[in-house]
Amino acid sequence: MRKKIAVVGDKGSVLGFKSVGFEVFMATTQQEIQDVMHTLCKGDYGIIFITEQAYVQIPEIIDEYKESPTPAIIPIPGKDGSLGIGIKNVKKNVERAVGADILFNED
Amino acid sequence: MALINVNPTRMEMTRLKKRLATSIRGHKLLKDKRDDLMKKFLDLVRKNKELREQVEKEISDIYGGFVVASAVMSPQMLEEALMLPKQSIDLEVGERNVMSVTVPSFEFIASENSDSDIYSYGFVSTSGELDDSVAAVKNVLPHLLELAQIEKSAQMIAEEIERTRRRVNALEYVQIPDLQETIKYIKMKLDENERGNLARLMKIKDMMVEQAMEAKRQNSTNTYSS
């Protein structure tokens with residue numbers, strides 16, 4: 001199955017990914033992000049990288065596609081630095097599966 | 001524990017016993033599934049954590065590079081330089097089956113002319129910092145894809161583990177004890193009926209014997225009087 005890769009976020013963050021052939025969608029307001037994500041999720045995209053700043057604004061859409069193999073919605077840090085959401089998600093997964101946090105004990 | 005509402009008959013008990021056997025078997029299988037999923041998940045999530053930390057660091061570096069590049073160049077120039085990428089990327093999405101969980105596997109197919117030629121702009125109006133940044137983005141690409149695959153898999157497996165664990169617990173702490181208790185109840189009830197029946201028969205026998213004796217005595221008095 002051939003699919004495409006999309007990057008969603010504010011202009012400063014996503015511009016760089018254009019050079020390697022990702023499809024770049026710029027969106028900053030919640031409405032914009034929602035619209036873009038709805039089209040992307042219905043479209044032919046296998047992976048959607050989204051800046052953490054945008055990621056936090058659309059929890060419903062994220063939840064909706066949690067169960068399906070594609071699209072994989074993956075948060076990446078935005079240009080203003082990481083909000084720690086990506087790593088928090090990993091942690092949450094561990095807690096859900098194991099029942100206790102066993103990976104991040106050290107910090 | 002709650003009893004299941006059934007008629008205390010022998011047939012019902014056979015049916016429940018069959019269900020209990022199936023439940024126990026299912027419980028064992030699900031438990032095995034859960035343990036195995038957990039093993040896979042822990043491997044995956046460890047890798048996930050490492051990879052994510054690495055990728056986040058790399059991406060932050062890239063942003064740093066772009067900030068420098070955009071400081072040297074005008075924003076219009078920067079945008080123009082990146083507007084028409086030379087490379088385009090397609091994603092080959094496959095499926096992998098991990099203990100009946102379907103997880104995606106990604107492989108990317110870059111349609112580029114040659115490895116070195118990823119710069120979509122002329123070198124006259126752009127700065128060297130931009131070149132570095134673009135090269136860095138290209139380098140982080142495989143990691144990003146791996147991260148996407150692993151993170152998605154970990155997420156889906158986590159979900160499946162949660163579901164499986166709930167099933168295991170439901171079987172272990174509700175279904176199986178309920179069935180056992182109901183079977184015991186039916187057995188008790190049937191035994192009680194049996195005893196009741198026996199007692200009644202003995203009582204009837206006593207009564208019959210007494211009646212027979214009475215009849216005999218009456219008979220003998222009758223013979224004496226006549």
# chains A, B, ... in the order shown; residues from 1 in each chain; ligands from 1
>>> interface_residues(of="chain A", to="chain B", cutoff="9 Å", atoms="only C-alpha atoms", output="number ranges by chain")
A: 1-5, 12-13, 15-23, 45-49, 66-70, 72-74, 76-82, 86-87, 89-91, 93-99, 103
>>> write_last_selection(atoms="N, CA and C atoms", output="short mmCIF file (atom, residue, chain, number, x, y, z; two decimals), in the first residue's frame")
data_model
loop_
_atom_site.label_atom_id
_atom_site.label_comp_id
_atom_site.auth_asym_id
_atom_site.auth_seq_id
_atom_site.Cartn_x
_atom_site.Cartn_y
_atom_site.Cartn_z
N MET A 1 0.85 -1.20 0.00
CA MET A 1 0.00 0.00 0.00
C MET A 1 0.88 1.25 0.00
N ARG A 2 0.70 2.07 -0.99
CA ARG A 2 1.48 3.30 -1.04
C ARG A 2 0.75 4.41 -0.30
N LYS A 3 1.48 5.05 0.59
CA LYS A 3 0.86 6.17 1.28
C LYS A 3 1.83 7.33 1.33
N LYS A 4 1.32 8.44 1.85
CA LYS A 4 2.17 9.63 1.91
C LYS A 4 2.44 10.01 3.37
N ILE A 5 3.37 10.91 3.54
CA ILE A 5 3.73 11.38 4.88
C ILE A 5 3.42 12.87 4.96
N GLY A 12 7.18 27.98 11.08
CA GLY A 12 8.59 27.91 11.45
C GLY A 12 9.06 26.48 11.72
N SER A 13 8.16 25.68 12.25
CA SER A 13 8.57 24.32 12.62
C SER A 13 8.60 23.38 11.44
N LEU A 15 8.61 23.96 8.06
CA LEU A 15 9.19 24.36 6.77
C LEU A 15 10.36 23.46 6.39
N GLY A 16 11.20 23.16 7.35
CA GLY A 16 12.40 22.38 7.07
C GLY A 16 12.12 21.00 6.51
N PHE A 17 10.96 20.41 6.88
CA PHE A 17 10.68 19.05 6.45
C PHE A 17 10.28 18.98 4.99
N LYS A 18 10.01 20.13 4.45
CA LYS A 18 9.61 20.14 3.06
C LYS A 18 10.75 19.69 2.16
N SER A 19 11.96 19.99 2.58
CA SER A 19 13.11 19.72 1.72
C SER A 19 13.32 18.24 1.46
N VAL A 20 12.82 17.38 2.34
CA VAL A 20 13.03 15.95 2.10
C VAL A 20 11.81 15.27 1.49
N GLY A 21 10.82 16.05 1.17
CA GLY A 21 9.71 15.49 0.42
C GLY A 21 8.48 15.15 1.24
N PHE A 22 8.45 15.54 2.50
CA PHE A 22 7.21 15.40 3.25
C PHE A 22 6.21 16.42 2.73
N GLU A 23 4.95 16.11 2.89
CA GLU A 23 3.96 17.11 2.53
C GLU A 23 3.66 17.96 3.75
N TYR A 45 -2.77 9.14 3.88
CA TYR A 45 -1.53 9.38 4.60
C TYR A 45 -1.24 8.27 5.60
N GLY A 46 -0.02 7.80 5.57
CA GLY A 46 0.36 6.71 6.47
C GLY A 46 0.83 7.24 7.80
N ILE A 47 1.64 8.29 7.76
CA ILE A 47 2.14 8.88 8.98
C ILE A 47 1.84 10.38 8.95
N ILE A 48 1.37 10.90 10.05
CA ILE A 48 1.21 12.34 10.18
C ILE A 48 2.06 12.79 11.35
N PHE A 49 3.11 13.51 11.05
CA PHE A 49 3.90 14.11 12.13
C PHE A 49 3.26 15.45 12.47
N LYS A 66 -6.55 6.18 17.29
CA LYS A 66 -5.63 5.41 18.13
C LYS A 66 -5.66 3.93 17.76
N GLU A 67 -6.83 3.45 17.40
CA GLU A 67 -7.01 2.02 17.21
C GLU A 67 -6.60 1.54 15.83
N SER A 68 -6.63 2.42 14.86
CA SER A 68 -6.38 1.96 13.50
C SER A 68 -4.88 2.05 13.18
N PRO A 69 -4.39 1.10 12.37
CA PRO A 69 -2.95 1.08 12.06
C PRO A 69 -2.47 2.35 11.35
N THR A 70 -3.27 2.86 10.45
CA THR A 70 -2.91 4.12 9.80
C THR A 70 -4.08 5.08 9.89
N ALA A 72 -0.69 6.86 11.48
CA ALA A 72 -0.01 6.98 12.77
C ALA A 72 0.22 8.46 13.02
N ILE A 73 -0.38 8.96 14.07
CA ILE A 73 -0.20 10.38 14.37
C ILE A 73 0.90 10.50 15.42
N ILE A 74 2.02 11.04 15.02
CA ILE A 74 3.20 11.05 15.89
C ILE A 74 3.56 12.49 16.24
N ILE A 76 5.90 15.51 17.29
CA ILE A 76 7.32 15.87 17.28
C ILE A 76 7.44 17.23 17.95
N PRO A 77 8.58 17.54 18.51
CA PRO A 77 8.70 18.85 19.14
C PRO A 77 8.58 19.99 18.13
N GLY A 78 8.02 21.08 18.54
CA GLY A 78 7.92 22.24 17.66
C GLY A 78 9.17 23.09 17.78
N LYS A 79 9.17 24.21 17.11
CA LYS A 79 10.40 24.99 17.08
C LYS A 79 10.69 25.67 18.43
N ASP A 80 9.64 25.76 19.27
CA ASP A 80 9.87 26.38 20.58
C ASP A 80 10.30 25.37 21.63
N GLY A 81 10.71 24.24 21.16
CA GLY A 81 11.21 23.23 22.10
C GLY A 81 10.16 22.19 22.41
N SER A 82 10.59 21.14 23.09
CA SER A 82 9.72 20.02 23.37
C SER A 82 8.85 20.31 24.60
N GLY A 86 5.53 13.83 23.80
CA GLY A 86 5.89 12.57 23.16
C GLY A 86 6.31 11.55 24.19
N ILE A 87 7.19 11.95 25.06
CA ILE A 87 7.73 11.01 26.05
C ILE A 87 6.64 10.68 27.08
N ASN A 89 3.55 10.36 26.36
CA ASN A 89 2.70 9.35 25.73
C ASN A 89 3.29 7.96 25.90
N VAL A 90 4.59 7.88 25.71
CA VAL A 90 5.25 6.59 25.89
C VAL A 90 5.01 6.09 27.31
N LYS A 91 5.18 7.00 28.23
CA LYS A 91 4.98 6.68 29.63
C LYS A 91 3.55 6.20 29.91
N ASN A 93 1.53 4.86 27.80
CA ASN A 93 1.37 3.52 27.24
C ASN A 93 1.85 2.46 28.22
N VAL A 94 3.00 2.73 28.81
CA VAL A 94 3.56 1.76 29.76
C VAL A 94 2.61 1.59 30.94
N GLU A 95 2.12 2.71 31.43
CA GLU A 95 1.23 2.62 32.59
C GLU A 95 -0.04 1.86 32.26
N ARG A 96 -0.55 2.08 31.05
CA ARG A 96 -1.77 1.39 30.66
C ARG A 96 -1.54 -0.11 30.57
N ALA A 97 -0.41 -0.47 29.97
CA ALA A 97 -0.17 -1.88 29.70
C ALA A 97 0.27 -2.62 30.97
N VAL A 98 1.18 -2.02 31.69
CA VAL A 98 1.78 -2.74 32.81
C VAL A 98 1.02 -2.47 34.11
N GLY A 99 0.42 -1.31 34.18
CA GLY A 99 -0.30 -0.97 35.41
C GLY A 99 0.54 -0.09 36.30
N LEU A 103 9.49 2.12 33.48
CA LEU A 103 10.61 2.56 32.64
C LEU A 103 11.22 3.86 33.13
#
>>> select_by_dssp(residues="region 33-89 of chain A", states="strand (DSSP E or B)", output="ChimeraX atom specification")
/A:45-51,72-76,78,81
>>> write_last_selection(atoms="N, CA and C atoms", output="tab-separated table (two decimals), in the first residue's frame")
chain	number	residue	atom	x	y	z
A	45	TYR	N	-2.77	9.14	3.88
A	45	TYR	CA	-1.53	9.38	4.60
A	45	TYR	C	-1.24	8.27	5.60
A	46	GLY	N	-0.02	7.80	5.57
A	46	GLY	CA	0.36	6.71	6.47
A	46	GLY	C	0.83	7.24	7.80
A	47	ILE	N	1.64	8.29	7.76
A	47	ILE	CA	2.14	8.88	8.98
A	47	ILE	C	1.84	10.38	8.95
A	48	ILE	N	1.37	10.90	10.05
A	48	ILE	CA	1.21	12.34	10.18
A	48	ILE	C	2.06	12.79	11.35
A	49	PHE	N	3.11	13.51	11.05
A	49	PHE	CA	3.90	14.11	12.13
A	49	PHE	C	3.26	15.45	12.47
A	50	ILE	N	3.11	15.68	13.75
A	50	ILE	CA	2.43	16.92	14.13
A	50	ILE	C	3.20	17.53	15.30
A	51	THR	N	3.35	18.83	15.29
A	51	THR	CA	4.09	19.46	16.38
A	51	THR	C	3.31	19.32	17.67
A	72	ALA	N	-0.69	6.86	11.48
A	72	ALA	CA	-0.01	6.98	12.77
A	72	ALA	C	0.22	8.46	13.02
A	73	ILE	N	-0.38	8.96	14.07
A	73	ILE	CA	-0.20	10.38	14.37
A	73	ILE	C	0.90	10.50	15.42
A	74	ILE	N	2.02	11.04	15.02
A	74	ILE	CA	3.20	11.05	15.89
A	74	ILE	C	3.56	12.49	16.24
A	75	PRO	N	3.59	12.82	17.53
A	75	PRO	CA	3.99	14.16	17.91
A	75	PRO	C	5.50	14.36	17.79
A	76	ILE	N	5.90	15.51	17.29
A	76	ILE	CA	7.32	15.87	17.28
A	76	ILE	C	7.44	17.23	17.95
A	78	GLY	N	8.02	21.08	18.54
A	78	GLY	CA	7.92	22.24	17.66
A	78	GLY	C	9.17	23.09	17.78
A	81	GLY	N	10.71	24.24	21.16
A	81	GLY	CA	11.21	23.23	22.10
A	81	GLY	C	10.16	22.19	22.41
>>> closest_residue(among="B:Lys28, B:Arg217, B:Arg167, B:His143", to="Gln54 (chain B)", atoms="only C-alpha atoms")
B:His143
>>> atom_distance(atom1="CA of Glu12 (chain B)", atom2="CA of Thr182 (chain B)")
10.0 Å
>>> atom_distance(atom1="CA of Gly26 (chain B)", atom2="CA of Ser100 (chain B)")
15.4 Å
>>> residues_around(residues="Thr39 (chain A)", least_positions_apart="3", cutoff="12 Å", atoms="only C-alpha atoms", output="list of chain:residue names")
A:Ala6, A:Val8, A:Phe25, A:Glu32, A:Ile33, A:Gln34, A:Asp35, A:Val36, A:Lys42, A:Gly43, A:Asp44, A:Tyr45, A:Ile48, A:Ile61, A:Pro71
>>> write_last_selection(atoms="N, CA, C and O atoms", output="CSV table (one decimal), in the first residue's frame")
chain,number,residue,atom,x,y,z
A,6,ALA,N,2.8,13.3,6.0
A,6,ALA,CA,2.4,14.7,6.2
A,6,ALA,C,3.0,15.2,7.4
A,6,ALA,O,3.3,14.5,8.4
A,8,VAL,N,2.3,18.5,10.1
A,8,VAL,CA,1.4,19.6,10.4
A,8,VAL,C,2.0,20.4,11.6
A,8,VAL,O,2.5,19.8,12.5
A,25,PHE,N,1.9,20.9,5.9
A,25,PHE,CA,0.6,21.7,6.1
A,25,PHE,C,0.8,22.6,7.2
A,25,PHE,O,1.1,22.2,8.3
A,32,GLU,N,-7.9,25.6,12.3
A,32,GLU,CA,-7.1,25.2,11.1
A,32,GLU,C,-6.6,23.8,11.3
A,32,GLU,O,-6.6,23.0,10.4
A,33,ILE,N,-6.1,23.6,12.5
A,33,ILE,CA,-5.5,22.2,12.7
A,33,ILE,C,-6.5,21.1,12.6
A,33,ILE,O,-6.3,20.1,11.9
A,34,GLN,N,-7.7,21.4,13.2
A,34,GLN,CA,-8.8,20.4,13.1
A,34,GLN,C,-9.1,20.1,11.6
A,34,GLN,O,-9.2,19.0,11.2
A,35,ASP,N,-9.3,21.2,10.8
A,35,ASP,CA,-9.7,21.0,9.4
A,35,ASP,C,-8.6,20.2,8.7
A,35,ASP,O,-8.9,19.3,8.0
A,36,VAL,N,-7.4,20.6,8.9
A,36,VAL,CA,-6.3,20.0,8.2
A,36,VAL,C,-6.2,18.5,8.6
A,36,VAL,O,-6.1,17.6,7.7
A,42,LYS,N,-8.6,11.3,6.5
A,42,LYS,CA,-9.4,10.7,5.5
A,42,LYS,C,-8.6,10.4,4.3
A,42,LYS,O,-9.0,9.6,3.5
A,43,GLY,N,-7.6,11.2,4.1
A,43,GLY,CA,-6.8,11.1,2.9
A,43,GLY,C,-5.8,9.9,2.9
A,43,GLY,O,-5.9,9.0,3.8
A,44,ASP,N,-4.9,9.9,2.1
A,44,ASP,CA,-4.0,8.8,1.8
A,44,ASP,C,-2.7,9.0,2.6
A,44,ASP,O,-1.6,8.9,2.0
A,45,TYR,N,-2.8,9.1,3.9
A,45,TYR,CA,-1.5,9.4,4.6
A,45,TYR,C,-1.2,8.3,5.6
A,45,TYR,O,-2.1,7.9,6.4
A,48,ILE,N,1.4,10.9,10.0
A,48,ILE,CA,1.2,12.3,10.2
A,48,ILE,C,2.1,12.8,11.4
A,48,ILE,O,1.8,12.5,12.5
A,61,ILE,N,-9.4,14.0,17.9
A,61,ILE,CA,-8.9,13.3,16.6
A,61,ILE,C,-7.9,12.3,16.9
A,61,ILE,O,-7.9,11.2,16.3
A,71,PRO,N,-3.9,6.4,9.9
A,71,PRO,CA,-2.6,7.0,10.0
A,71,PRO,C,-2.0,6.9,11.4
A,71,PRO,O,-2.7,7.0,12.4
>>> select_by_dssp(residues="chain A", states="helix (DSSP H, G or I)", output="PyMOL selection string")
chain A and resi 11-20+30-42+52-55+59-64+85-98
>>> atom_distance(atom1="CA of Glu181 (chain B)", atom2="CA of Met11 (chain B)")
16.3 Å
>>> closest_residue(among="B:Ile150, B:Val72, B:Leu44, B:Met77", to="Glu129 (chain B)", atoms="only C-alpha atoms")
B:Val72
